[in-house]
file query_5.txt (compact mmCIF, C-alpha atoms)
# COMPACT_ATOMS: atom_id res chain seq x y z
CA MET U 1 -8.90 -32.98 15.36
CA LEU U 2 -7.66 -33.30 11.77
CA ASN U 3 -10.83 -31.66 10.49
CA ARG U 4 -10.29 -28.74 12.81
CA ILE U 5 -6.70 -28.24 11.61
CA VAL U 6 -7.88 -28.31 8.00
CA VAL U 7 -10.50 -25.66 8.80
CA TYR U 8 -7.89 -23.45 10.49
CA VAL U 9 -5.43 -23.80 7.62
CA LEU U 10 -8.18 -23.08 5.10
CA ALA U 11 -9.34 -20.03 7.07
CA ALA U 12 -5.76 -18.73 7.35
CA THR U 13 -5.25 -19.21 3.60
CA VAL U 14 -8.45 -17.33 2.75
CA LEU U 15 -7.59 -14.55 5.20
CA SER U 16 -4.10 -14.30 3.77
CA ALA U 17 -5.39 -14.19 0.17
CA VAL U 18 -7.93 -11.47 0.97
CA THR U 19 -5.29 -9.42 2.81
CA TYR U 20 -2.90 -9.88 -0.11
CA PHE U 21 -5.35 -8.55 -2.71
CA ILE U 22 -6.55 -5.66 -0.57
CA THR U 23 -2.99 -4.62 0.34
CA ARG U 24 -1.63 -4.96 -3.21
CA ASN U 25 -4.44 -2.91 -4.72
CA ALA U 26 -4.13 -0.28 -2.00
CA VAL U 27 -0.38 0.14 -2.57
CA ILE U 28 -0.75 0.27 -6.37
CA ASN U 29 -3.66 2.72 -6.26
CA LYS U 30 -2.17 4.97 -3.61
CA ALA U 31 1.38 5.15 -5.01
CA PRO U 32 0.72 7.80 -7.71
CA GLY U 33 -1.04 10.08 -5.21
CA LEU U 34 1.80 9.73 -2.72
CA VAL U 35 4.36 10.58 -5.41
CA MET U 36 2.28 13.58 -6.47
CA SER U 37 2.02 14.80 -2.85
CA THR U 38 5.79 14.50 -2.46
CA ILE U 39 6.44 16.51 -5.64
CA GLU U 40 3.81 19.08 -4.66
CA ALA U 41 5.52 19.55 -1.30
CA ARG U 42 8.84 20.17 -3.09
CA ILE U 43 7.27 22.69 -5.47
CA VAL U 44 5.47 24.47 -2.62
CA ALA U 45 8.73 24.66 -0.66
CA GLY U 46 10.43 26.23 -3.69
CA SER U 47 7.67 28.61 -4.75
CA GLY U 48 6.64 29.68 -1.27
CA GLY U 49 3.13 28.27 -1.44
CA TRP U 50 0.36 26.66 -3.43
CA ASN U 51 -0.77 28.31 -6.67
CA ALA U 52 2.59 29.99 -7.26
CA CYS U 53 5.16 29.49 -10.02
CA PHE U 54 8.46 27.73 -9.35
CA HIS U 55 11.20 27.87 -11.99
CA ASN U 56 14.14 25.63 -12.82
CA GLN U 57 16.70 28.06 -14.17
CA THR U 58 19.54 25.60 -14.78
CA TYR U 59 20.43 24.05 -18.11
CA GLY U 60 21.70 20.47 -18.06
CA PRO U 61 21.43 17.61 -15.58
CA ARG U 62 20.98 18.37 -11.89
CA THR U 63 21.65 16.12 -8.92
CA ASN U 64 18.49 17.22 -7.11
CA ALA U 65 16.15 16.69 -10.07
CA ALA U 66 13.30 14.21 -10.23
CA ARG U 67 13.94 10.71 -11.56
CA ARG U 68 14.41 10.71 -15.34
CA ALA U 69 14.45 14.50 -15.46
CA LYS U 70 15.09 16.02 -18.89
CA PRO U 71 18.12 18.30 -19.03
CA ASP U 72 17.05 20.15 -22.17
CA SER U 73 13.47 20.79 -21.14
CA ILE U 74 13.45 23.81 -18.84
CA ILE U 75 10.48 23.60 -16.53
CA SER U 76 8.32 25.99 -14.58
CA SER U 77 5.95 24.28 -12.20
CA MET U 78 3.03 25.05 -9.94
CA ALA U 79 1.37 22.92 -7.30
CA TYR U 80 -2.25 23.93 -7.33
CA ASP U 81 -5.05 23.79 -4.81
CA LEU U 82 -8.43 24.87 -6.13
CA SER U 83 -10.32 24.52 -2.83
CA GLU U 84 -10.62 28.30 -2.49
CA GLY U 85 -11.35 29.09 -6.11
CA PRO U 86 -9.83 29.13 -9.62
CA VAL U 87 -6.20 29.89 -10.42
CA ARG U 88 -5.01 32.04 -13.33
CA ILE U 89 -1.87 31.24 -15.34
CA ALA U 90 -0.67 33.77 -17.89
CA GLY U 91 2.46 34.56 -19.87
CA GLU U 92 4.17 34.14 -23.23
CA THR U 93 5.05 31.00 -25.14
CA TRP U 94 8.65 30.15 -26.11
CA PRO U 95 9.34 29.82 -29.84
CA ARG U 96 11.67 26.77 -29.90
CA TYR U 97 9.03 24.65 -28.19
CA TRP U 98 6.66 25.37 -25.35
CA SER U 99 3.92 23.33 -23.74
CA ILE U 100 1.67 23.63 -20.73
CA SER U 101 0.45 20.46 -19.07
CA PHE U 102 -1.70 19.69 -16.05
CA TYR U 103 -1.62 16.56 -13.90
CA GLN U 104 -4.42 15.43 -11.63
CA GLN U 105 -3.75 13.88 -8.25
CA ASN U 106 -3.53 10.34 -9.64
CA SER U 107 -0.68 11.60 -11.91
CA ASP U 108 -2.65 11.44 -15.19
CA ASN U 109 -1.79 14.20 -17.66
CA PHE U 110 -5.35 15.45 -18.24
CA PHE U 111 -4.52 18.51 -20.34
CA VAL U 112 -1.63 19.54 -22.59
CA MET U 113 -1.27 22.23 -25.24
CA ASN U 114 1.81 23.42 -27.12
CA ASP U 115 2.77 26.76 -28.65
CA LEU U 116 1.71 25.75 -32.18
CA GLU U 117 -1.80 25.09 -30.91
CA MET U 118 -2.14 28.54 -29.34
CA ALA U 119 -3.90 31.43 -31.07
CA SER U 120 -1.10 33.83 -30.07
CA SER U 121 2.12 33.85 -28.11
CA ALA U 122 0.40 35.60 -25.19
CA PHE U 123 -1.81 33.25 -23.21
CA GLY U 124 -4.10 33.14 -20.20
CA PHE U 125 -5.73 30.08 -18.65
CA ILE U 126 -8.19 29.78 -15.78
CA LEU U 127 -7.80 26.51 -13.94
CA ALA U 128 -10.94 25.56 -12.03
CA LEU U 129 -12.92 22.70 -10.61
CA ASP U 130 -16.08 21.59 -12.36
CA GLY U 131 -18.86 23.86 -11.07
CA GLN U 132 -16.63 26.80 -10.13
CA ASP U 133 -17.67 30.03 -11.86
CA THR U 134 -14.94 31.23 -14.25
CA SER U 135 -17.03 33.79 -16.15
CA ALA U 136 -15.62 36.75 -14.25
CA TYR U 137 -12.02 36.00 -15.24
CA SER U 138 -10.17 36.47 -18.52
CA GLY U 139 -8.59 33.33 -19.87
CA VAL U 140 -9.37 29.96 -21.37
CA PRO U 141 -11.01 27.70 -18.74
CA ILE U 142 -9.44 24.34 -17.94
CA ILE U 143 -11.33 21.99 -15.65
CA SER U 144 -9.23 19.96 -13.22
CA PRO U 145 -10.71 16.59 -12.21
CA THR U 146 -9.13 16.94 -8.76
CA GLU U 147 -8.78 19.75 -6.23
CA LYS U 148 -5.01 19.45 -6.14
CA GLY U 149 -2.49 18.73 -8.86
CA ILE U 150 0.54 20.00 -10.73
CA MET U 151 1.09 22.28 -13.72
CA LEU U 152 4.27 22.09 -15.79
CA VAL U 153 5.44 24.53 -18.46
CA ARG U 154 8.19 23.06 -20.64
CA ARG U 155 10.51 25.07 -22.86
CA PHE U 156 13.06 23.44 -25.13
CA ALA U 157 16.62 24.67 -24.59
CA ALA U 158 18.92 23.42 -27.34
CA ASP U 159 21.93 24.47 -25.26
CA ALA U 160 22.94 26.83 -22.46
CA THR U 161 22.80 29.89 -24.71
CA ASP U 162 18.99 29.64 -24.71
CA MET U 163 18.83 30.18 -20.96
CA GLU U 164 18.89 33.99 -20.95
CA GLY U 165 15.77 34.11 -23.11
CA ILE U 166 14.11 31.30 -21.18
CA ILE U 167 14.68 32.99 -17.83
CA ALA U 168 13.09 36.19 -19.20
CA ASN U 169 10.19 34.05 -20.43
CA GLN U 170 9.88 32.42 -17.00
CA GLU U 171 9.78 35.79 -15.28
CA ALA U 172 6.86 36.82 -17.50
CA LEU U 173 4.86 33.79 -16.30
CA THR U 174 2.33 34.43 -13.57
CA CYS U 175 0.53 31.83 -11.47
CA ALA U 176 -1.91 33.12 -8.83
CA PRO U 177 -5.40 32.74 -7.47
CA ALA U 178 -7.80 34.31 -10.01
CA MET X 1 -12.74 -17.83 26.00
CA LEU X 2 -9.02 -18.62 25.72
CA LYS X 3 -9.74 -20.55 22.53
CA TYR X 4 -11.32 -17.47 20.88
CA ALA X 5 -8.46 -15.26 22.01
CA ILE X 6 -5.94 -17.63 20.42
CA ILE X 7 -7.96 -17.77 17.18
CA THR X 8 -8.22 -13.96 17.06
CA LEU X 9 -4.51 -13.60 17.76
CA GLY X 10 -3.70 -16.12 15.05
CA ALA X 11 -5.93 -14.32 12.54
CA MET X 12 -4.35 -10.97 13.35
CA SER X 13 -0.89 -12.49 12.94
CA VAL X 14 -1.84 -13.85 9.51
CA ILE X 15 -3.24 -10.46 8.47
CA ALA X 16 -0.21 -8.54 9.77
CA ALA X 17 2.35 -10.90 8.21
CA THR X 18 0.53 -10.91 4.87
CA PHE X 19 0.09 -7.13 4.95
CA PHE X 20 3.78 -6.35 5.54
CA ALA X 21 5.03 -9.03 3.13
CA THR X 22 2.60 -7.94 0.39
CA ARG X 23 3.42 -4.27 0.86
CA ALA X 24 7.16 -4.96 0.56
CA MET X 25 6.68 -7.24 -2.46
CA THR X 26 4.41 -4.76 -4.24
CA VAL X 27 6.72 -1.79 -3.67
CA SER X 28 9.65 -3.90 -4.85
CA SER X 29 7.78 -4.97 -8.00
CA LEU X 30 6.89 -1.35 -8.80
CA THR X 31 10.43 -0.08 -8.33
CA ASN X 32 12.41 -3.04 -9.65
CA GLN X 33 14.33 -1.92 -12.74
CA SER X 34 13.60 -5.13 -14.60
CA SER X 35 9.86 -4.65 -14.21
CA VAL X 36 9.62 -0.91 -14.78
CA PHE X 37 9.39 -1.30 -18.55
CA GLU X 38 7.53 -4.64 -18.45
CA ALA X 39 4.40 -3.23 -20.07
CA PHE X 40 6.34 -1.44 -22.82
CA GLU X 41 6.05 -2.83 -26.35
CA ASP X 42 9.22 -4.31 -27.86
CA VAL X 43 9.64 -2.50 -31.18
CA ASP X 44 12.81 -4.01 -32.65
CA GLY X 45 14.71 -5.87 -29.94
CA THR X 46 16.47 -2.70 -28.81
CA TRP X 47 13.81 -0.06 -28.33
CA LEU X 48 10.75 -0.39 -26.12
CA TYR X 49 7.74 1.88 -26.52
CA SER X 50 4.74 2.99 -24.53
CA ASP X 51 1.88 5.31 -25.33
CA LYS X 52 0.39 4.89 -21.86
CA ILE X 53 2.62 7.41 -20.05
CA GLY X 54 0.44 10.00 -18.34
CA ALA X 55 -2.60 8.42 -19.95
CA ALA X 56 -6.00 7.79 -18.40
CA ALA X 57 -5.99 4.49 -20.33
CA ALA X 58 -3.00 3.18 -18.36
CA SER X 59 -3.63 0.31 -16.00
CA SER X 60 -3.21 0.89 -12.25
CA VAL X 61 0.12 -0.93 -12.30
CA GLU X 62 1.42 1.02 -15.33
CA ARG X 63 0.33 4.31 -13.71
CA ALA X 64 2.04 3.44 -10.43
CA ARG X 65 5.27 2.38 -12.17
CA VAL X 66 5.44 5.57 -14.21
CA ALA X 67 4.60 7.73 -11.18
CA ILE X 68 7.37 6.16 -9.12
CA ASN X 69 10.07 5.83 -11.77
CA GLY X 70 9.49 8.77 -14.10
CA PRO X 71 6.68 10.98 -12.92
CA LEU X 72 4.94 13.75 -14.86
CA GLY X 73 5.55 12.48 -18.37
CA LEU X 74 3.54 13.96 -21.19
CA SER X 75 0.67 12.00 -22.67
CA SER X 76 1.10 10.61 -26.18
CA LYS X 77 -0.94 13.52 -27.54
CA GLU X 78 2.20 15.61 -27.06
CA ALA X 79 5.23 13.31 -26.82
CA VAL X 80 6.15 9.68 -27.31
CA TYR X 81 8.79 7.76 -25.39
CA PHE X 82 11.17 4.99 -26.37
CA VAL X 83 13.72 3.32 -24.09
CA ALA X 84 16.68 1.09 -24.99
CA LEU X 85 17.92 -1.36 -22.38
CA ARG X 86 19.83 -3.50 -24.94
CA ASP X 87 22.08 -3.02 -27.91
CA GLY X 88 21.34 -4.16 -31.46
CA GLU X 89 22.47 -7.69 -30.63
CA GLY X 90 20.16 -7.95 -27.66
CA GLU X 91 22.87 -7.60 -24.98
CA ALA X 92 22.16 -5.43 -21.93
CA LEU X 93 23.80 -1.98 -22.06
CA LYS X 94 26.84 -1.98 -19.75
CA SER X 95 29.10 0.83 -18.62
CA GLN X 96 32.41 -0.84 -19.59
CA CYS X 97 31.37 -1.05 -23.27
CA THR X 98 31.50 1.56 -26.00
CA TYR X 99 28.43 1.98 -28.18
CA ARG X 100 27.78 3.86 -31.38
CA VAL X 101 24.24 5.24 -31.54
CA SER X 102 23.39 6.43 -35.02
CA GLY X 103 20.17 7.76 -36.40
CA GLN X 104 18.33 9.52 -39.15
CA PRO X 105 16.27 12.70 -38.87
CA ILE X 106 12.95 12.12 -37.11
CA ASP X 107 9.98 14.07 -38.45
CA THR X 108 9.12 15.79 -35.20
CA ARG X 109 9.38 19.18 -33.50
CA TRP X 110 12.41 18.04 -31.52
CA TRP X 111 13.80 14.95 -29.86
CA SER X 112 16.29 14.19 -27.14
CA LEU X 113 18.38 11.14 -26.28
CA THR X 114 19.15 10.87 -22.57
CA LEU X 115 21.26 8.36 -20.65
CA TYR X 116 20.11 7.29 -17.17
CA ASP X 117 21.69 5.04 -14.59
CA ALA X 118 19.32 2.04 -14.64
CA VAL X 119 19.44 1.64 -10.86
CA THR X 120 19.18 5.24 -9.63
CA GLN X 121 17.23 6.41 -12.71
CA HIS X 122 19.15 9.67 -12.45
CA TYR X 123 21.84 11.06 -14.70
CA VAL X 124 25.40 9.74 -14.52
CA PRO X 125 27.73 12.38 -13.02
CA ASN X 126 30.52 13.22 -15.45
CA PRO X 127 33.11 15.96 -16.04
CA GLU X 128 31.18 17.46 -18.96
CA ASN X 129 27.90 17.48 -17.01
CA ARG X 130 26.19 15.95 -20.02
CA SER X 131 23.40 13.41 -19.99
CA SER X 132 21.76 14.04 -23.33
CA TRP X 133 21.95 15.18 -26.92
CA ASN X 134 19.01 16.66 -28.76
CA SER X 135 17.97 17.19 -32.37
CA VAL X 136 19.51 20.67 -32.44
CA SER X 137 22.71 20.13 -30.48
CA VAL X 138 23.80 16.80 -32.00
CA PRO X 139 26.29 17.10 -34.89
CA ARG X 140 24.77 15.95 -38.19
CA ASP X 141 26.13 15.31 -41.65
CA GLU X 142 24.72 16.84 -44.85
CA THR X 143 22.02 14.17 -45.06
CA GLY X 144 20.90 14.82 -41.49
CA GLN X 145 22.36 11.58 -40.14
CA TRP X 146 23.82 11.82 -36.64
CA GLN X 147 26.00 9.75 -34.37
CA VAL X 148 26.58 9.68 -30.63
CA VAL X 149 29.25 7.61 -28.86
CA VAL X 150 28.28 6.18 -25.48
CA ALA X 151 31.35 5.34 -23.39
CA PRO X 152 32.76 5.80 -19.88
CA THR X 153 35.72 7.88 -21.13
CA PRO X 154 35.82 11.00 -23.35
CA GLN X 155 35.40 10.35 -27.08
CA ASP X 156 35.82 12.41 -30.22
CA GLY X 157 32.58 13.88 -31.51
CA ALA X 158 29.33 13.67 -29.63
CA TRP X 159 30.15 11.83 -26.41
CA LEU X 160 27.41 10.59 -24.08
CA PRO X 161 29.10 9.51 -20.84
CA SER X 162 28.19 6.22 -19.14
CA GLN X 163 29.33 5.25 -15.63
CA ALA X 164 33.08 5.27 -14.95
CA ALA X 165 32.77 2.12 -12.85
CA ALA X 166 32.53 -1.17 -14.76
CA ASP X 167 29.51 -3.46 -14.92
CA GLN X 168 26.93 -0.76 -14.26
CA SER X 169 23.63 -0.81 -16.13
CA PHE X 170 22.16 2.16 -17.94
CA ASP X 171 19.41 2.87 -20.41
CA LEU X 172 18.87 5.33 -23.22
CA MET X 173 15.60 7.23 -23.42
CA LEU X 174 14.49 8.77 -26.68
CA ARG X 175 11.78 11.41 -26.29
CA VAL X 176 10.02 12.59 -29.42
CA TYR X 177 8.12 15.83 -28.89
CA ASN X 178 5.21 16.97 -30.99
CA PRO X 179 5.73 14.35 -33.74
CA SER X 180 4.32 15.08 -37.20
CA ALA X 181 1.17 13.39 -38.44
CA ALA X 182 3.34 11.24 -40.73
CA THR X 183 5.42 10.07 -37.76
CA ARG X 184 2.33 9.39 -35.66
CA ALA X 185 0.80 7.34 -38.45
CA ILE X 186 3.58 4.76 -38.28
CA LEU X 187 4.24 4.70 -34.52
CA PRO X 188 6.07 2.92 -33.06
CA LYS X 189 7.78 1.73 -36.27
CA ILE X 190 9.64 4.95 -36.94
CA ASP X 191 13.32 5.02 -37.99
CA LEU X 192 14.75 4.49 -34.53
CA PRO X 193 18.47 4.95 -33.81
CA ILE X 194 20.73 1.90 -34.13
CA VAL X 195 22.63 1.01 -30.95
CA GLU X 196 25.80 -0.80 -31.97
CA ARG X 197 28.31 -2.25 -29.49
CA VAL X 198 31.80 -1.20 -30.66
CA SER X 199 33.93 -2.72 -27.90
CA CYS X 200 33.85 -3.94 -24.33

call {"tool": "encode", "arguments": {"input": "query_5.txt", "output": "structure tokens"}}
result
Amino acid sequence: MLNRIVVYVLAATVLSAVTYFITRNAVINKAPGLVMSTIEARIVAGSGGWNACFHNQTYGPRTNAARRAKPDSIISSMAYDLSEGPVRIAGETWPRYWSISFYQQNSDNFFVMNDLEMASSAFGFILALDGQDTSAYSGVPIISPTEKGIMLVRRFAADATDMEGIIANQEALTCAPA
Amino acid sequence: MLKYAIITLGAMSVIAATFFATRAMTVSSLTNQSSVFEAFEDVDGTWLYSDKIGAAAASSVERARVAINGPLGLSSKEAVYFVALRDGEGEALKSQCTYRVSGQPIDTRWWSLTLYDAVTQHYVPNPENRSSWNSVSVPRDETGQWQVVVAPTPQDGAWLPSQAAADQSFDLMLRVYNPSAATRAILPKIDLPIVERVSC
């Protein structure tokens, strides 16, 4: 009888330990993707769809911003989905500071470039999956490791007086299927 | 037959109980303010540093914590991040205290110093709608030195508002964008701002 209880307790402990490790790893590994999906849904709701630009046009802190949002970094964003082909992003850089960054579905920042690294203030990028043909499109190819993800364009606004120029810069930005 | 049904039921109960308990514990550990910056390097007792934000080299836990608590940060190729949870004497930053944050020029494209509520991780609502100062907007003397006063009530000079209610926790995040090669070479031991408690 005692032996049987020991076996049951041991089996329950092993089962519990296995469940613990599987569950913990699943939560940790899935969390970034869930956060990305939530942000993508917000961007899509604001821009009207995937592969379209969405602009924050407010200087300073906002109550509806993401956690640890930066009030002096004015952001344009795009939630992308490359399942039906590459996406083209084009526009002008912003002289105070400008960067374009791409995030794969696990939230890693796999590409970033700033205005000082650009050949000119006018730019064009073709975002594609590995294996997608980009030769027919004008722009610098960027390969996304995942089908979906997020693009952010950051522009430094020293204060609210920069916003008029930044909004004009935002309106010159295009994000669309190539 | 009944014996096997009881064993199966017992096993399922163990799995279900462990699953729900582990899920709750793991989510709590990822979102708990005290653990968010656990993997950051302590630079000088005040400032913590990480070059793993947005990085492929980050561990699964670091990636999950960043994604939940401050998603879409730039990788260290473009920006580096410091956070202060404590003042220069090692005491936790509290809303009822007044702090003087003073710094020297940082050799970088631009920087910003932002105050966040440590619990909500959002900005602290205030009448001036201000949550940060940056390298252009902050008043500086002829040598480039600058000073910001963190306090719950309006202050002369560059005021960075903390919570009006007492005994609230906050943190200060210093973002350094596009740092020069000279700055990168000495990271994270750059001339970081001094956070001095003036009164409580």

call {"tool": "closest_residue", "arguments": {"input": "query_5.txt", "among": "X:Gln168, X:Gln163, X:Gln147, X:Asn134", "to": "chain U", "atoms": "all atoms listed in the file"}}
result
X:Asn134

call {"tool": "residues_around", "arguments": {"input": "query_5.txt", "residues": "region 53-58 of chain X", "least_positions_apart": "6", "cutoff": "7 Å", "atoms": "only C-alpha atoms", "output": "count of residues only"}}
result
8

call {"tool": "atom_distance", "arguments": {"input": "query_5.txt", "atom1": "CA of Trp159 (chain X)", "atom2": "CA of Pro139 (chain X)"}}
result
10.7 Å

call {"tool": "atom_distance", "arguments": {"input": "query_5.txt", "atom1": "CA of Asn3 (chain U)", "atom2": "CA of Ala11 (chain X)"}}
result
18.1 Å

call {"tool": "closest_residue", "arguments": {"input": "query_5.txt", "among": "U:Pro95, U:Pro71, U:Pro32, U:Gly46", "to": "Arg65 (chain X)", "atoms": "all atoms listed in the file"}}
result
U:Pro32

call {"tool": "closest_residue", "arguments": {"input": "query_5.txt", "among": "U:Thr19, U:Arg68, U:Phe54, U:Ala79", "to": "Leu172 (chain X)", "atoms": "only C-alpha atoms"}}
result
U:Arg68

call {"tool": "axis_aligned_box", "arguments": {"input": "query_5.txt", "around": "region 95-100 of chain U", "padding_each_side": "3 Å", "output": "AutoDock Vina command-line options"}}
result
--center_x 6.7 --center_y 26.6 --center_z -25.3 --size_x 16.0 --size_y 12.5 --size_z 15.2

call {"tool": "interface_residues", "arguments": {"input": "query_5.txt", "of": "chain X", "to": "chain U", "cutoff": "7 Å", "atoms": "all atoms listed in the file", "output": "PDB file with C-alpha atoms, keeping the file's coordinate frame"}}
result
ATOM      1  CA  ALA X  11      -5.930 -14.320  12.540  1.00  0.00           C
ATOM      2  CA  VAL X  14      -1.840 -13.850   9.510  1.00  0.00           C
ATOM      3  CA  ILE X  15      -3.240 -10.460   8.470  1.00  0.00           C
ATOM      4  CA  THR X  18       0.530 -10.910   4.870  1.00  0.00           C
ATOM      5  CA  PHE X  19       0.090  -7.130   4.950  1.00  0.00           C
ATOM      6  CA  THR X  22       2.600  -7.940   0.390  1.00  0.00           C
ATOM      7  CA  ARG X  23       3.420  -4.270   0.860  1.00  0.00           C
ATOM      8  CA  THR X  26       4.410  -4.760  -4.240  1.00  0.00           C
ATOM      9  CA  GLY X  54       0.440  10.000 -18.340  1.00  0.00           C
ATOM     10  CA  ALA X  55      -2.600   8.420 -19.950  1.00  0.00           C
ATOM     11  CA  ALA X  56      -6.000   7.790 -18.400  1.00  0.00           C
ATOM     12  CA  SER X  60      -3.210   0.890 -12.250  1.00  0.00           C
ATOM     13  CA  VAL X  61       0.120  -0.930 -12.300  1.00  0.00           C
ATOM     14  CA  ARG X  63       0.330   4.310 -13.710  1.00  0.00           C
ATOM     15  CA  ALA X  64       2.040   3.440 -10.430  1.00  0.00           C
ATOM     16  CA  ALA X  67       4.600   7.730 -11.180  1.00  0.00           C
ATOM     17  CA  ILE X  68       7.370   6.160  -9.120  1.00  0.00           C
ATOM     18  CA  ASN X  69      10.070   5.830 -11.770  1.00  0.00           C
ATOM     19  CA  GLY X  70       9.490   8.770 -14.100  1.00  0.00           C
ATOM     20  CA  LEU X  72       4.940  13.750 -14.860  1.00  0.00           C
ATOM     21  CA  LEU X  74       3.540  13.960 -21.190  1.00  0.00           C
ATOM     22  CA  SER X  75       0.670  12.000 -22.670  1.00  0.00           C
ATOM     23  CA  TYR X 116      20.110   7.290 -17.170  1.00  0.00           C
ATOM     24  CA  GLN X 121      17.230   6.410 -12.710  1.00  0.00           C
ATOM     25  CA  HIS X 122      19.150   9.670 -12.450  1.00  0.00           C
ATOM     26  CA  TYR X 123      21.840  11.060 -14.700  1.00  0.00           C
ATOM     27  CA  ASN X 129      27.900  17.480 -17.010  1.00  0.00           C
ATOM     28  CA  ARG X 130      26.190  15.950 -20.020  1.00  0.00           C
ATOM     29  CA  SER X 131      23.400  13.410 -19.990  1.00  0.00           C
ATOM     30  CA  ASN X 134      19.010  16.660 -28.760  1.00  0.00           C
ATOM     31  CA  VAL X 136      19.510  20.670 -32.440  1.00  0.00           C
ATOM     32  CA  SER X 137      22.710  20.130 -30.480  1.00  0.00           C
TER      33      SER X 137
END

call {"tool": "residues_around", "arguments": {"input": "query_5.txt", "residues": "Tyr49 (chain X)", "least_positions_apart": "2", "cutoff": "6 Å", "atoms": "only C-alpha atoms", "output": "PyMOL selection string"}}
result
chain X and resi 40-41+82

call {"tool": "residues_near_point", "arguments": {"input": "query_5.txt", "point": "(32.6, 13.0, -29.7)", "cutoff": "12 Å", "atoms": "only C-alpha atoms", "output": "VMD selection string"}}
result
chain X and resid 99 to 101 128 130 133 138 to 140 146 to 151 153 to 161

call {"tool": "residues_near_point", "arguments": {"input": "query_5.txt", "point": "(14.0, 0.9, -29.7)", "cutoff": "8 Å", "atoms": "all atoms listed in the file", "output": "number ranges by chain"}}
result
X: 42-49, 82-84, 192-193

call {"tool": "build_atoms", "arguments": {"input": "query_5.txt", "residues": "region 46-61 of chain U", "atoms": "N, CA and C atoms", "output": "PDB file, keeping the file's coordinate frame"}}
result
ATOM      1  N   GLY U  46       9.641  25.369  -2.805  1.00  0.00           N
ATOM      2  CA  GLY U  46      10.430  26.230  -3.690  1.00  0.00           C
ATOM      3  C   GLY U  46       9.720  27.504  -4.064  1.00  0.00           C
ATOM      4  N   SER U  47       8.416  27.431  -4.272  1.00  0.00           N
ATOM      5  CA  SER U  47       7.670  28.610  -4.750  1.00  0.00           C
ATOM      6  C   SER U  47       7.159  29.477  -3.620  1.00  0.00           C
ATOM      7  N   GLY U  48       7.130  28.924  -2.421  1.00  0.00           N
ATOM      8  CA  GLY U  48       6.640  29.680  -1.270  1.00  0.00           C
ATOM      9  C   GLY U  48       5.167  29.433  -0.980  1.00  0.00           C
ATOM     10  N   GLY U  49       4.525  28.580  -1.742  1.00  0.00           N
ATOM     11  CA  GLY U  49       3.130  28.270  -1.440  1.00  0.00           C
ATOM     12  C   GLY U  49       2.437  27.613  -2.608  1.00  0.00           C
ATOM     13  N   TRP U  50       1.195  27.228  -2.370  1.00  0.00           N
ATOM     14  CA  TRP U  50       0.360  26.660  -3.430  1.00  0.00           C
ATOM     15  C   TRP U  50      -0.008  27.761  -4.417  1.00  0.00           C
ATOM     16  N   ASN U  51      -0.307  27.385  -5.626  1.00  0.00           N
ATOM     17  CA  ASN U  51      -0.770  28.310  -6.670  1.00  0.00           C
ATOM     18  C   ASN U  51       0.248  29.400  -6.972  1.00  0.00           C
ATOM     19  N   ALA U  52       1.508  29.046  -6.938  1.00  0.00           N
ATOM     20  CA  ALA U  52       2.590  29.990  -7.260  1.00  0.00           C
ATOM     21  C   ALA U  52       3.600  29.298  -8.167  1.00  0.00           C
ATOM     22  N   CYS U  53       4.209  30.069  -9.062  1.00  0.00           N
ATOM     23  CA  CYS U  53       5.160  29.490 -10.020  1.00  0.00           C
ATOM     24  C   CYS U  53       6.499  29.174  -9.347  1.00  0.00           C
ATOM     25  N   PHE U  54       7.104  28.082  -9.789  1.00  0.00           N
ATOM     26  CA  PHE U  54       8.460  27.730  -9.350  1.00  0.00           C
ATOM     27  C   PHE U  54       9.268  27.419 -10.608  1.00  0.00           C
ATOM     28  N   HIS U  55      10.444  28.003 -10.751  1.00  0.00           N
ATOM     29  CA  HIS U  55      11.200  27.870 -11.990  1.00  0.00           C
ATOM     30  C   HIS U  55      12.525  27.124 -11.794  1.00  0.00           C
ATOM     31  N   ASN U  56      12.784  26.165 -12.691  1.00  0.00           N
ATOM     32  CA  ASN U  56      14.140  25.630 -12.820  1.00  0.00           C
ATOM     33  C   ASN U  56      14.881  26.563 -13.769  1.00  0.00           C
ATOM     34  N   GLN U  57      15.985  27.111 -13.319  1.00  0.00           N
ATOM     35  CA  GLN U  57      16.700  28.060 -14.170  1.00  0.00           C
ATOM     36  C   GLN U  57      18.100  27.545 -14.513  1.00  0.00           C
ATOM     37  N   THR U  58      18.251  26.208 -14.484  1.00  0.00           N
ATOM     38  CA  THR U  58      19.540  25.600 -14.780  1.00  0.00           C
ATOM     39  C   THR U  58      19.448  24.735 -16.023  1.00  0.00           C
ATOM     40  N   TYR U  59      20.373  24.924 -16.949  1.00  0.00           N
ATOM     41  CA  TYR U  59      20.430  24.050 -18.110  1.00  0.00           C
ATOM     42  C   TYR U  59      21.283  22.818 -17.761  1.00  0.00           C
ATOM     43  N   GLY U  60      20.898  21.673 -18.270  1.00  0.00           N
ATOM     44  CA  GLY U  60      21.700  20.470 -18.060  1.00  0.00           C
ATOM     45  C   GLY U  60      21.246  19.664 -16.870  1.00  0.00           C
ATOM     46  N   PRO U  61      21.856  18.500 -16.662  1.00  0.00           N
ATOM     47  CA  PRO U  61      21.430  17.610 -15.580  1.00  0.00           C
ATOM     48  C   PRO U  61      21.713  18.197 -14.202  1.00  0.00           C
TER      49      PRO U  61
END
